[in-house]
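To be precise, the following lines are final_33.cif, and they hold mmCIF, C-alpha atoms (C1' of nucleotides).
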data_query
loop_
_atom_site.label_atom_id
_atom_site.label_comp_id
_atom_site.auth_asym_id
_atom_site.auth_seq_id
_atom_site.Cartn_x
_atom_site.Cartn_y
_atom_site.Cartn_z
CA MET D 1 -26.09 -85.89 -70.34
CA ALA D 2 -26.71 -89.17 -68.56
CA LYS D 3 -29.83 -89.67 -66.53
CA MET D 4 -28.92 -89.64 -62.87
CA VAL D 5 -30.49 -91.85 -60.24
CA SER D 6 -30.85 -90.12 -56.92
CA GLU D 7 -31.35 -91.00 -53.32
CA ARG D 8 -33.64 -89.18 -50.98
CA ALA D 9 -30.82 -88.21 -48.67
CA ASP D 10 -28.84 -86.63 -51.49
CA LEU D 11 -31.59 -84.10 -52.07
CA LEU D 12 -31.80 -82.82 -48.52
CA PRO D 13 -28.87 -80.36 -48.50
CA ALA D 14 -30.10 -78.50 -51.57
CA MET D 15 -33.66 -78.50 -50.26
CA ALA D 16 -32.46 -77.23 -46.89
CA GLU D 17 -30.75 -74.33 -48.60
CA VAL D 18 -33.94 -73.40 -50.45
CA PHE D 19 -36.00 -73.47 -47.25
CA ARG D 20 -33.37 -71.43 -45.44
CA GLU D 21 -33.28 -68.77 -48.13
CA HIS D 22 -36.99 -68.55 -48.88
CA GLY D 23 -38.83 -69.89 -45.85
CA PHE D 24 -41.51 -72.55 -46.01
CA GLU D 25 -44.10 -70.55 -47.95
CA GLY D 26 -41.52 -68.93 -50.18
CA ALA D 27 -39.91 -72.21 -51.18
CA SER D 28 -41.93 -73.26 -54.21
CA ILE D 29 -41.79 -76.74 -55.66
CA ALA D 30 -40.59 -75.19 -58.91
CA LEU D 31 -37.66 -73.62 -57.07
CA ILE D 32 -36.85 -76.81 -55.19
CA SER D 33 -37.00 -78.66 -58.49
CA GLU D 34 -34.57 -76.19 -60.01
CA LYS D 35 -32.10 -76.25 -57.13
CA THR D 36 -32.10 -80.02 -56.73
CA GLY D 37 -31.98 -80.52 -60.48
CA LEU D 38 -34.88 -82.96 -60.23
CA GLY D 39 -38.28 -82.72 -61.91
CA LYS D 40 -41.44 -82.31 -59.88
CA GLY D 41 -42.47 -85.87 -60.62
CA SER D 42 -39.27 -87.21 -59.11
CA LEU D 43 -39.62 -85.00 -56.07
CA TYR D 44 -43.10 -86.35 -55.40
CA HIS D 45 -41.80 -89.83 -55.94
CA PHE D 46 -39.36 -89.37 -53.04
CA PHE D 47 -41.70 -87.23 -50.96
CA PRO D 48 -45.30 -88.34 -51.54
CA GLY D 49 -46.37 -86.02 -48.72
CA GLY D 50 -45.29 -83.04 -50.80
CA LYS D 51 -43.66 -79.89 -49.49
CA GLU D 52 -44.57 -80.59 -45.89
CA GLU D 53 -42.77 -83.92 -46.00
CA MET D 54 -39.78 -82.28 -47.67
CA ALA D 55 -39.48 -79.66 -44.94
CA GLY D 56 -40.00 -82.30 -42.27
CA ALA D 57 -37.21 -84.41 -43.73
CA VAL D 58 -34.91 -81.39 -43.83
CA LEU D 59 -35.65 -80.62 -40.19
CA GLY D 60 -35.01 -84.25 -39.38
CA GLU D 61 -31.62 -84.19 -41.01
CA ILE D 62 -30.67 -80.97 -39.29
CA GLY D 63 -31.69 -82.51 -35.97
CA ALA D 64 -29.61 -85.59 -36.69
CA TRP D 65 -26.57 -83.53 -37.64
CA PHE D 66 -26.73 -81.46 -34.48
CA THR D 67 -27.34 -84.55 -32.36
CA THR D 68 -24.19 -86.17 -33.69
CA HIS D 69 -21.91 -83.17 -33.87
CA VAL D 70 -23.15 -80.99 -31.01
CA PHE D 71 -25.68 -82.47 -28.60
CA ALA D 72 -24.09 -85.87 -28.02
CA PRO D 73 -20.58 -84.54 -27.33
CA LEU D 74 -22.00 -81.96 -24.92
CA GLN D 75 -24.04 -84.61 -23.16
CA TRP D 76 -21.52 -87.40 -22.87
CA ASP D 77 -17.99 -86.11 -23.32
CA THR D 78 -16.15 -86.24 -20.01
CA ASP D 79 -14.13 -83.20 -21.05
CA ALA D 80 -16.97 -80.70 -20.94
CA ALA D 81 -14.81 -77.69 -21.70
CA ALA D 82 -13.53 -79.32 -24.86
CA ALA D 83 -17.06 -80.26 -25.90
CA ILE D 84 -18.25 -76.67 -25.43
CA ASP D 85 -15.28 -75.42 -27.36
CA ARG D 86 -16.13 -77.80 -30.18
CA MET D 87 -19.77 -76.70 -30.05
CA PHE D 88 -18.75 -73.16 -30.87
CA ARG D 89 -16.47 -74.28 -33.66
CA ALA D 90 -19.25 -76.40 -35.15
CA VAL D 91 -21.82 -73.60 -34.80
CA ILE D 92 -19.59 -70.97 -36.38
CA GLU D 93 -18.82 -73.24 -39.28
CA TYR D 94 -22.39 -74.48 -39.70
CA PHE D 95 -23.87 -71.00 -39.75
CA ASP D 96 -21.03 -69.81 -41.95
CA SER D 97 -20.03 -67.09 -39.47
CA GLY D 98 -23.55 -65.69 -39.45
CA ARG D 99 -24.12 -65.58 -43.19
CA ARG D 100 -26.36 -68.59 -42.98
CA VAL D 101 -29.71 -68.50 -41.23
CA CYS D 102 -30.85 -71.11 -38.70
CA LEU D 103 -33.73 -72.84 -40.44
CA VAL D 104 -35.16 -74.10 -37.18
CA GLY D 105 -35.13 -70.62 -35.68
CA ALA D 106 -36.68 -69.16 -38.81
CA PHE D 107 -39.40 -71.80 -38.73
CA ALA D 108 -40.00 -71.01 -35.06
CA LEU D 109 -40.85 -67.41 -35.94
CA ALA D 110 -42.99 -68.12 -38.98
CA THR D 111 -46.33 -69.78 -39.62
CA SER D 112 -44.44 -73.00 -40.14
CA ARG D 113 -43.90 -73.14 -36.39
CA ASP D 114 -47.34 -74.65 -35.94
CA ARG D 115 -46.78 -77.34 -38.54
CA PHE D 116 -43.35 -78.31 -37.24
CA ALA D 117 -43.77 -77.39 -33.60
CA LYS D 118 -42.66 -80.79 -32.35
CA GLN D 119 -39.41 -80.85 -34.32
CA VAL D 120 -38.65 -77.21 -33.57
CA ARG D 121 -39.23 -77.62 -29.85
CA SER D 122 -37.25 -80.85 -29.73
CA TYR D 123 -34.23 -79.25 -31.42
CA PHE D 124 -33.98 -76.44 -28.90
CA ARG D 125 -34.86 -78.59 -25.90
CA MET D 126 -32.17 -81.11 -26.73
CA TRP D 127 -29.60 -78.41 -27.29
CA LYS D 128 -30.45 -76.64 -24.06
CA GLU D 129 -30.37 -79.83 -22.02
CA ALA D 130 -27.11 -81.05 -23.55
CA LEU D 131 -25.39 -77.72 -22.94
CA ALA D 132 -26.72 -77.54 -19.39
CA THR D 133 -25.37 -81.04 -18.72
CA ALA D 134 -21.94 -79.99 -19.93
CA LEU D 135 -22.05 -76.91 -17.71
CA VAL D 136 -22.98 -79.02 -14.67
CA ARG D 137 -20.02 -81.23 -15.47
CA LEU D 138 -17.97 -78.05 -15.49
CA GLY D 139 -19.00 -77.30 -11.91
CA ARG D 140 -22.14 -75.20 -12.19
CA ASP D 141 -25.20 -76.20 -10.24
CA LYS D 142 -28.20 -77.39 -12.21
CA PRO D 143 -30.47 -74.31 -12.14
CA ALA D 144 -27.62 -71.94 -13.00
CA ALA D 145 -26.51 -74.23 -15.81
CA GLU D 146 -29.98 -74.28 -17.33
CA LEU D 147 -30.25 -70.50 -17.22
CA MET D 148 -26.86 -70.15 -18.84
CA ALA D 149 -27.73 -72.66 -21.54
CA GLU D 150 -30.93 -70.79 -22.28
CA GLU D 151 -29.08 -67.52 -22.60
CA VAL D 152 -26.43 -69.00 -24.86
CA LEU D 153 -29.07 -70.36 -27.25
CA ALA D 154 -30.80 -66.99 -27.24
CA VAL D 155 -27.55 -65.19 -28.06
CA ILE D 156 -26.80 -67.60 -30.90
CA GLN D 157 -30.24 -67.17 -32.45
CA GLY D 158 -30.33 -63.44 -31.82
CA SER D 159 -26.88 -62.91 -33.26
CA LEU D 160 -27.96 -64.66 -36.44
CA VAL D 161 -30.93 -62.31 -36.69
CA LEU D 162 -28.76 -59.29 -35.97
CA ALA D 163 -25.94 -60.32 -38.29
CA ARG D 164 -28.40 -60.62 -41.14
CA ALA D 165 -30.32 -57.48 -40.25
CA LEU D 166 -27.18 -55.35 -39.99
CA ASP D 167 -25.55 -57.25 -42.84
CA ASP D 168 -22.47 -57.49 -40.66
CA ARG D 169 -20.98 -60.91 -40.15
CA THR D 170 -18.57 -59.63 -37.48
CA VAL D 171 -21.56 -59.51 -35.14
CA PHE D 172 -21.84 -63.27 -35.00
CA ALA D 173 -18.16 -64.01 -34.49
CA ARG D 174 -17.98 -61.35 -31.79
CA SER D 175 -20.99 -62.74 -29.92
CA MET D 176 -19.71 -66.28 -30.10
CA SER D 177 -16.31 -65.52 -28.66
CA ARG D 178 -17.84 -63.34 -25.95
CA VAL D 179 -20.28 -66.03 -24.89
CA LYS D 180 -17.63 -68.71 -25.03
CA ARG D 181 -15.42 -66.67 -22.76
CA VAL D 182 -18.20 -66.34 -20.20
CA LEU D 183 -19.03 -70.05 -20.31
CA LEU D 184 -15.48 -71.27 -19.99
CA GLY D 185 -14.60 -68.76 -17.31
CA HIS D 186 -12.09 -66.59 -19.14
CA GLN D 187 -9.76 -69.51 -19.75
CA ARG D 188 -8.89 -68.55 -23.31
CA MET Y 1 -74.41 -51.98 -41.23
CA ALA Y 2 -73.21 -48.54 -42.22
CA LYS Y 3 -70.40 -48.17 -44.72
CA MET Y 4 -67.25 -47.09 -42.91
CA VAL Y 5 -64.70 -44.67 -44.29
CA SER Y 6 -61.18 -45.57 -43.31
CA GLU Y 7 -57.81 -43.93 -43.08
CA ARG Y 8 -54.60 -45.54 -44.15
CA ALA Y 9 -53.12 -45.35 -40.67
CA ASP Y 10 -56.09 -47.15 -39.13
CA LEU Y 11 -55.34 -50.24 -41.17
CA LEU Y 12 -51.72 -50.62 -40.14
CA PRO Y 13 -52.15 -52.37 -36.77
CA ALA Y 14 -54.34 -55.12 -38.21
CA MET Y 15 -52.02 -55.50 -41.19
CA ALA Y 16 -49.01 -55.66 -38.87
CA GLU Y 17 -50.62 -58.49 -36.97
CA VAL Y 18 -51.21 -60.45 -40.16
CA PHE Y 19 -47.60 -60.01 -41.29
CA ARG Y 20 -46.35 -60.98 -37.83
CA GLU Y 21 -48.43 -64.14 -37.74
CA HIS Y 22 -47.97 -65.28 -41.31
CA GLY Y 23 -44.81 -63.64 -42.61
CA PHE Y 24 -44.60 -61.69 -45.84
CA GLU Y 25 -45.25 -64.58 -48.23
CA GLY Y 26 -47.88 -66.14 -45.99
CA ALA Y 27 -49.87 -62.94 -45.61
CA SER Y 28 -52.26 -63.08 -48.55
CA ILE Y 29 -54.28 -60.09 -49.68
CA ALA Y 30 -57.41 -62.12 -48.99
CA LEU Y 31 -56.31 -62.60 -45.37
CA ILE Y 32 -55.37 -58.96 -44.98
CA SER Y 33 -58.74 -58.04 -46.42
CA GLU Y 34 -60.46 -60.27 -43.90
CA LYS Y 35 -58.52 -59.01 -40.89
CA THR Y 36 -58.83 -55.35 -41.77
CA GLY Y 37 -62.47 -55.76 -42.74
CA LEU Y 38 -61.77 -53.97 -46.01
CA GLY Y 39 -62.30 -55.26 -49.52
CA LYS Y 40 -59.36 -55.81 -51.85
CA GLY Y 41 -60.39 -52.82 -53.94
CA SER Y 42 -60.14 -50.54 -50.94
CA LEU Y 43 -56.79 -51.96 -49.92
CA TYR Y 44 -55.34 -51.24 -53.36
CA HIS Y 45 -56.87 -47.79 -53.18
CA PHE Y 46 -54.79 -47.04 -50.07
CA PHE Y 47 -51.76 -49.02 -51.15
CA PRO Y 48 -51.41 -48.86 -54.94
CA GLY Y 49 -48.04 -50.57 -54.59
CA GLY Y 50 -49.75 -53.70 -53.34
CA LYS Y 51 -48.48 -56.01 -50.64
CA GLU Y 52 -44.98 -54.64 -50.76
CA GLU Y 53 -46.22 -51.15 -50.00
CA MET Y 54 -48.39 -52.52 -47.20
CA ALA Y 55 -45.47 -54.26 -45.54
CA GLY Y 56 -43.30 -51.19 -46.03
CA ALA Y 57 -45.90 -49.00 -44.35
CA VAL Y 58 -46.15 -51.43 -41.45
CA LEU Y 59 -42.38 -51.41 -41.02
CA GLY Y 60 -42.49 -47.62 -41.14
CA GLU Y 61 -45.02 -47.44 -38.37
CA ILE Y 62 -43.11 -49.91 -36.23
CA GLY Y 63 -39.99 -47.80 -36.72
CA ALA Y 64 -41.85 -44.65 -35.74
CA TRP Y 65 -43.30 -46.28 -32.63
CA PHE Y 66 -39.92 -47.49 -31.44
CA THR Y 67 -38.32 -44.14 -32.23
CA THR Y 68 -40.81 -42.34 -30.05
CA HIS Y 69 -41.12 -44.81 -27.21
CA VAL Y 70 -37.69 -46.41 -27.07
CA PHE Y 71 -34.92 -44.89 -29.20
CA ALA Y 72 -35.51 -41.21 -28.41
CA PRO Y 73 -35.68 -41.65 -24.62
CA LEU Y 74 -32.52 -43.77 -24.69
CA GLN Y 75 -30.75 -41.20 -26.81
CA TRP Y 76 -31.76 -38.01 -25.08
CA ASP Y 77 -33.02 -38.68 -21.57
CA THR Y 78 -30.52 -37.37 -19.02
CA ASP Y 79 -31.56 -40.14 -16.65
CA ALA Y 80 -30.14 -43.03 -18.65
CA ALA Y 81 -30.95 -45.68 -16.07
CA ALA Y 82 -34.60 -44.68 -16.10
CA ALA Y 83 -34.65 -44.70 -19.89
CA ILE Y 84 -33.20 -48.20 -19.98
CA ASP Y 85 -35.68 -49.34 -17.40
CA ARG Y 86 -38.48 -47.94 -19.50
CA MET Y 87 -37.05 -49.61 -22.60
CA PHE Y 88 -37.47 -52.99 -20.98
CA ARG Y 89 -40.99 -52.20 -19.83
CA ALA Y 90 -41.90 -51.09 -23.33
CA VAL Y 91 -40.29 -54.12 -24.95
CA ILE Y 92 -41.95 -56.60 -22.60
CA GLU Y 93 -45.32 -55.02 -23.18
CA TYR Y 94 -44.84 -54.62 -26.94
CA PHE Y 95 -43.80 -58.21 -27.47
CA ASP Y 96 -46.51 -59.37 -25.07
CA SER Y 97 -44.00 -61.13 -22.83
CA GLY Y 98 -42.63 -63.11 -25.76
CA ARG Y 99 -45.93 -64.27 -27.23
CA ARG Y 100 -45.60 -61.77 -30.03
CA VAL Y 101 -42.94 -62.04 -32.67
CA CYS Y 102 -40.71 -59.16 -33.74
CA LEU Y 103 -41.76 -58.49 -37.31
CA VAL Y 104 -38.50 -56.74 -38.12
CA GLY Y 105 -36.48 -59.67 -36.83
CA ALA Y 106 -38.66 -62.14 -38.71
CA PHE Y 107 -38.22 -60.12 -41.90
CA ALA Y 108 -34.48 -60.07 -41.31
CA LEU Y 109 -34.38 -63.87 -41.44
CA ALA Y 110 -36.76 -64.33 -44.36
CA THR Y 111 -36.66 -63.57 -48.06
CA SER Y 112 -38.29 -60.29 -47.26
CA ARG Y 113 -34.96 -59.14 -45.88
CA ASP Y 114 -33.75 -58.24 -49.33
CA ARG Y 115 -36.85 -56.24 -50.14
CA PHE Y 116 -36.85 -54.34 -46.86
CA ALA Y 117 -33.15 -54.38 -46.08
CA LYS Y 118 -32.95 -50.64 -45.57
CA GLN Y 119 -35.78 -50.45 -43.07
CA VAL Y 120 -34.65 -53.56 -41.24
CA ARG Y 121 -31.08 -52.34 -40.93
CA SER Y 122 -32.16 -48.89 -39.87
CA TYR Y 123 -34.36 -50.26 -37.08
CA PHE Y 124 -31.57 -52.25 -35.49
CA ARG Y 125 -28.90 -49.64 -36.08
CA MET Y 126 -30.95 -46.93 -34.42
CA TRP Y 127 -31.77 -49.16 -31.49
CA LYS Y 128 -28.17 -50.20 -31.02
CA GLU Y 129 -26.87 -46.65 -31.22
CA ALA Y 130 -29.52 -45.26 -28.87
CA LEU Y 131 -28.88 -47.94 -26.27
CA ALA Y 132 -25.11 -47.48 -26.55
CA THR Y 133 -25.54 -43.75 -26.00
CA ALA Y 134 -27.53 -44.38 -22.83
CA LEU Y 135 -24.86 -46.79 -21.60
CA VAL Y 136 -22.13 -44.22 -22.21
CA ARG Y 137 -24.17 -41.75 -20.21
CA LEU Y 138 -24.24 -44.40 -17.49
CA GLY Y 139 -20.46 -44.43 -17.34
CA ARG Y 140 -19.38 -47.08 -19.82
CA ASP Y 141 -16.78 -46.22 -22.43
CA LYS Y 142 -17.93 -46.12 -26.03
CA PRO Y 143 -16.60 -49.46 -27.36
CA ALA Y 144 -17.85 -51.40 -24.33
CA ALA Y 145 -21.23 -49.71 -24.58
CA GLU Y 146 -21.58 -50.69 -28.22
CA LEU Y 147 -20.72 -54.29 -27.50
CA MET Y 148 -23.22 -54.41 -24.66
CA ALA Y 149 -25.92 -52.85 -26.81
CA GLU Y 150 -25.27 -55.39 -29.51
CA GLU Y 151 -25.55 -58.25 -27.08
CA VAL Y 152 -28.75 -56.90 -25.54
CA LEU Y 153 -30.41 -56.70 -28.96
CA ALA Y 154 -29.28 -60.22 -29.73
CA VAL Y 155 -30.69 -61.54 -26.46
CA ILE Y 156 -34.01 -59.80 -27.10
CA GLN Y 157 -34.32 -61.24 -30.59
CA GLY Y 158 -33.03 -64.65 -29.60
CA SER Y 159 -35.33 -64.87 -26.60
CA LEU Y 160 -38.28 -64.21 -28.86
CA VAL Y 161 -37.18 -67.06 -31.11
CA LEU Y 162 -36.61 -69.35 -28.15
CA ALA Y 163 -39.82 -68.42 -26.39
CA ARG Y 164 -41.78 -69.32 -29.49
CA ALA Y 165 -39.78 -72.43 -30.26
CA LEU Y 166 -40.10 -73.82 -26.74
CA ASP Y 167 -43.62 -72.42 -26.41
CA ASP Y 168 -42.57 -71.06 -23.04
CA ARG Y 169 -43.20 -67.41 -22.37
CA THR Y 170 -41.21 -67.48 -19.12
CA VAL Y 171 -38.07 -67.58 -21.28
CA PHE Y 172 -38.55 -64.02 -22.44
CA ALA Y 173 -39.35 -62.51 -19.04
CA ARG Y 174 -36.38 -64.33 -17.53
CA SER Y 175 -33.96 -63.10 -20.20
CA MET Y 176 -35.18 -59.54 -19.94
CA SER Y 177 -34.75 -59.28 -16.19
CA ARG Y 178 -31.34 -60.95 -16.38
CA VAL Y 179 -30.10 -58.59 -19.06
CA LYS Y 180 -31.54 -55.58 -17.30
CA ARG Y 181 -29.72 -56.54 -14.12
CA VAL Y 182 -26.43 -56.72 -15.99
CA LEU Y 183 -26.95 -53.39 -17.74
CA LEU Y 184 -27.95 -51.47 -14.65
CA GLY Y 185 -25.25 -53.05 -12.53
CA HIS Y 186 -27.33 -55.06 -10.09
CA GLN Y 187 -29.12 -51.97 -8.82
CA ARG Y 188 -32.55 -53.56 -8.64
"C1'" DG P 1 -64.06 -44.90 -50.87
"C1'" DT P 2 -66.24 -49.12 -51.25
"C1'" DC P 3 -67.46 -53.23 -53.37
"C1'" DT P 4 -67.72 -57.48 -56.79
"C1'" DA P 5 -66.12 -59.64 -60.83
"C1'" DT P 6 -62.41 -61.03 -63.30
"C1'" DA P 7 -57.99 -61.36 -65.45
"C1'" DA P 8 -53.34 -63.40 -65.62
"C1'" DA P 9 -49.93 -65.84 -63.34
"C1'" DG P 10 -48.15 -69.07 -60.06
"C1'" DC P 11 -49.02 -72.52 -56.81
"C1'" DG P 12 -49.05 -77.62 -55.02
"C1'" DA P 13 -50.03 -81.83 -56.62
"C1'" DT P 14 -51.22 -85.69 -60.00
"C1'" DA P 15 -51.27 -88.62 -64.29
"C1'" DG P 16 -49.16 -91.16 -67.36
"C1'" DA P 17 -45.60 -91.94 -70.98
"C1'" DC P 18 -41.00 -93.62 -71.08
"C1'" DG X 1 -36.91 -93.24 -61.38
"C1'" DT X 2 -37.49 -89.60 -64.48
"C1'" DC X 3 -39.85 -86.53 -67.17
"C1'" DT X 4 -43.70 -83.40 -69.34
"C1'" DA X 5 -48.34 -82.05 -69.44
"C1'" DT X 6 -52.01 -80.76 -66.99
"C1'" DC X 7 -55.55 -80.18 -63.33
"C1'" DG X 8 -57.71 -77.34 -59.88
"C1'" DC X 9 -57.00 -73.88 -56.89
"C1'" DT X 10 -55.08 -69.64 -54.92
"C1'" DT X 11 -52.47 -65.81 -55.70
"C1'" DT X 12 -51.73 -60.65 -56.81
"C1'" DA X 13 -53.63 -57.15 -59.08
"C1'" DT X 14 -57.04 -54.56 -62.04
"C1'" DA X 15 -61.60 -52.83 -63.92
"C1'" DG X 16 -65.57 -50.81 -63.33
"C1'" DA X 17 -70.21 -50.29 -61.07
"C1'" DC X 18 -72.04 -47.80 -57.20
#
Just give me the structure of the file as structure tokens.
Amino acid sequence: MAKMVSERADLLPAMAEVFREHGFEGASIALISEKTGLGKGSLYHFFPGGKEEMAGAVLGEIGAWFTTHVFAPLQWDTDAAAAIDRMFRAVIEYFDSGRRVCLVGAFALATSRDRFAKQVRSYFRMWKEALATALVRLGRDKPAAELMAEEVLAVIQGSLVLARALDDRTVFARSMSRVKRVLLGHQR
Amino acid sequence: MAKMVSERADLLPAMAEVFREHGFEGASIALISEKTGLGKGSLYHFFPGGKEEMAGAVLGEIGAWFTTHVFAPLQWDTDAAAAIDRMFRAVIEYFDSGRRVCLVGAFALATSRDRFAKQVRSYFRMWKEALATALVRLGRDKPAAELMAEEVLAVIQGSLVLARALDDRTVFARSMSRVKRVLLGHQR
DNA sequence: GTCTATAAAGCGATAGAC
DNA sequence: GTCTATCGCTTTATAGAC
């Protein structure tokens, strides 16, 4: 077995999965080491700040992914309806139809909220603003668009909670198509 | 300072608060001991099963509270509109207008879900069924009522996530009044 | 029923060889 | 850059005095 040389970015997906499944406190360095296949020493080499830096980096990557694939299209695409449609596709795929938890939402509920408050708030604020912008472009007035955006985010997060609680992935798919229908005005 | 003699039930509210604020893994016995004002020895006297039994008892009490104050009225009250109205009052007060997290929802997202899957599922199933029953009594047909109930629960849970993430308690109040208006058909 | 003392295990983090 | 060994601390849980 050859010794592998890693890059920081390569570790993030596996680390993200551990944090998603076990939460910040539940994700032990031993477990992260096991799931990334890297010894503790190597982990601390890449993340001298320890577990907190690891979780911060994971949140950062999640934020970047959503910025590229969801927020930016919503904000700037001239075809707002198409951007919203793509948002739902991306969300359904990302959260694996409700089988996968939203790490940012989970962190928001837990103790970790305090540690990562800035990143957590920024994630939801950007999403809300981007979606509201798309809705304005679709003809809604600003205040109504912001209320709608807020409700959509709440339904997404709540459906993830409910899907997991009821152990029923149909919940998430159902909620997403319902909300999409409301947003796009029964077009499809 | 006189030595106090406690009852198991008296400890549950303080323990619930610790679990809410720190999650299952974050709630250490030392912290629970501090917040209940009881030594570790006493805690293990009441809960020989340790932390898992403590969390289970807390979930049990939460379930009982909601059964009495929310589920039963929804299920059996002949005035369904009044029962729904009271549900929202109870929920807003219980979750302290969004400042307080839903422990059951938080457990659903975290590792603890697996341990307490039965209690978590039961809580949401009972709530959904009770609310759907009230909606049927209000004139909706069964399938529509169940969909609405599902969405209401999702909005409640999601609003709690969002309120905490954005650190904005107006989110929760706003969502609740919006959802209530939809359910009761713009009556008030 | 309450407490303190303590055991045994796991934790995050570091040191240092390679 | 990777690993193993280890430190120091906290954890859950128990034992036993009162």
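Those residues of chain P that fall within 10 Å of chain D when using all atoms listed in the file read DG10, DC11, DG12, DA13, DT14 and DA15 of chain P.
Of the residues listed (D:Leu38, D:Leu135, D:Ala27, D:Leu59), D:Ala27 shows the shortest atom-to-atom separation from chain Y; distances use all atoms listed in the file.
Restricting the calculation to all atoms listed in the file, the smallest distance between chain X and any of Y:Ala163, Y:Ala154, Y:Ala9, Y:Leu43 is found for Y:Leu43.
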Neighbours of chain Y in chain X at 9 Å, counting only C-alpha atoms (C1' of nucleotides), as a ChimeraX atom specification: /X:11-14
Which of Y:Ser122, Y:Thr170, Y:Ser177, Y:Gln157 sits closest to chain D [using all atoms listed in the file]: Y:Gln157
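In this comparison, which uses all atoms listed in the file, the residue of D:Glu93, D:Ser6, D:Gly105, D:Thr111 approaching Y:Phe19 most closely is D:Thr111.
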Distance filter 10 Å, all atoms listed in the file, chain Y against chain D, as a PyMOL selection string: chain Y and resi 19-27+100-114+116-125+147+150-167+171-172+174-175+178-179
Residues returned when the PyMOL selection byres ((chain D and resi 75-86) around 7) runs on this file, as an NGL selection string: :D and (71-74 or 87-90 or 130 or 133-134 or 137-138 or 184)
Only C-alpha atoms, please: the residues just picked out, written as a PDB file, keeping the file's coordinate frame.
ATOM      1  CA  PHE D  71     -25.680 -82.470 -28.600  1.00  0.00           C
ATOM      2  CA  ALA D  72     -24.090 -85.870 -28.020  1.00  0.00           C
ATOM      3  CA  PRO D  73     -20.580 -84.540 -27.330  1.00  0.00           C
ATOM      4  CA  LEU D  74     -22.000 -81.960 -24.920  1.00  0.00           C
ATOM      5  CA  MET D  87     -19.770 -76.700 -30.050  1.00  0.00           C
ATOM      6  CA  PHE D  88     -18.750 -73.160 -30.870  1.00  0.00           C
ATOM      7  CA  ARG D  89     -16.470 -74.280 -33.660  1.00  0.00           C
ATOM      8  CA  ALA D  90     -19.250 -76.400 -35.150  1.00  0.00           C
ATOM      9  CA  ALA D 130     -27.110 -81.050 -23.550  1.00  0.00           C
ATOM     10  CA  THR D 133     -25.370 -81.040 -18.720  1.00  0.00           C
ATOM     11  CA  ALA D 134     -21.940 -79.990 -19.930  1.00  0.00           C
ATOM     12  CA  ARG D 137     -20.020 -81.230 -15.470  1.00  0.00           C
ATOM     13  CA  LEU D 138     -17.970 -78.050 -15.490  1.00  0.00           C
ATOM     14  CA  LEU D 184     -15.480 -71.270 -19.990  1.00  0.00           C
TER      15      LEU D 184
END
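Counting from atom CA of D:Glu7, the distance to atom CA of D:Thr68 is 21.4 Å.
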Pairwise distance for atom CA of D:Pro13 and atom C1' of X:DT2, rounded to one decimal in Å: 20.4 Å
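With atom CA of D:Asp168 on one side and atom CA of Y:Phe66 on the other, the separation reads 22.1 Å.
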Point (-38.0, -89.1, -65.3) neighbourhood (10 Å, only C-alpha atoms (C1' of nucleotides)) written as a VMD selection string: (chain D and resid 3 to 5 38 to 42) or (chain P and resid 17 to 18) or (chain X and resid 1 to 4)
Written file, previous selection with C-alpha atoms (C1' of nucleotides), as an mmCIF file, keeping the file's coordinate frame:
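Output (out08.cif):
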data_model
loop_
_atom_site.group_PDB
_atom_site.id
_atom_site.type_symbol
_atom_site.label_atom_id
_atom_site.label_comp_id
_atom_site.auth_asym_id
_atom_site.auth_seq_id
_atom_site.Cartn_x
_atom_site.Cartn_y
_atom_site.Cartn_z
ATOM 1 C CA LYS D 3 -29.830 -89.670 -66.530
ATOM 2 C CA MET D 4 -28.920 -89.640 -62.870
ATOM 3 C CA VAL D 5 -30.490 -91.850 -60.240
ATOM 4 C CA LEU D 38 -34.880 -82.960 -60.230
ATOM 5 C CA GLY D 39 -38.280 -82.720 -61.910
ATOM 6 C CA LYS D 40 -41.440 -82.310 -59.880
ATOM 7 C CA GLY D 41 -42.470 -85.870 -60.620
ATOM 8 C CA SER D 42 -39.270 -87.210 -59.110
ATOM 9 C "C1'" DA P 17 -45.600 -91.940 -70.980
ATOM 10 C "C1'" DC P 18 -41.000 -93.620 -71.080
ATOM 11 C "C1'" DG X 1 -36.910 -93.240 -61.380
ATOM 12 C "C1'" DT X 2 -37.490 -89.600 -64.480
ATOM 13 C "C1'" DC X 3 -39.850 -86.530 -67.170
ATOM 14 C "C1'" DT X 4 -43.700 -83.400 -69.340
#
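Remark: residues at most 7 Å from position (-46.6, -52.9, -38.4) in file coordinates are Leu12, Pro13, Met15, Ala16, Val58, Leu59, Glu61 and Ile62 of chain Y, using all atoms listed in the file.
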Since we have the selection now, will you write its residues out, keeping C-alpha atoms, as a PDB file, keeping the file's coordinate frame?
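Contents of selection07.pdb, freshly written:
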ATOM      1  CA  LEU Y  12     -51.720 -50.620 -40.140  1.00  0.00           C
ATOM      2  CA  PRO Y  13     -52.150 -52.370 -36.770  1.00  0.00           C
ATOM      3  CA  MET Y  15     -52.020 -55.500 -41.190  1.00  0.00           C
ATOM      4  CA  ALA Y  16     -49.010 -55.660 -38.870  1.00  0.00           C
ATOM      5  CA  VAL Y  58     -46.150 -51.430 -41.450  1.00  0.00           C
ATOM      6  CA  LEU Y  59     -42.380 -51.410 -41.020  1.00  0.00           C
ATOM      7  CA  GLU Y  61     -45.020 -47.440 -38.370  1.00  0.00           C
ATOM      8  CA  ILE Y  62     -43.110 -49.910 -36.230  1.00  0.00           C
TER       9      ILE Y  62
END
The PyMOL selection byres ((chain X and resi 18) around 12) resolved against shown file, as a ChimeraX atom specification: /P:1-4 /X:16-17
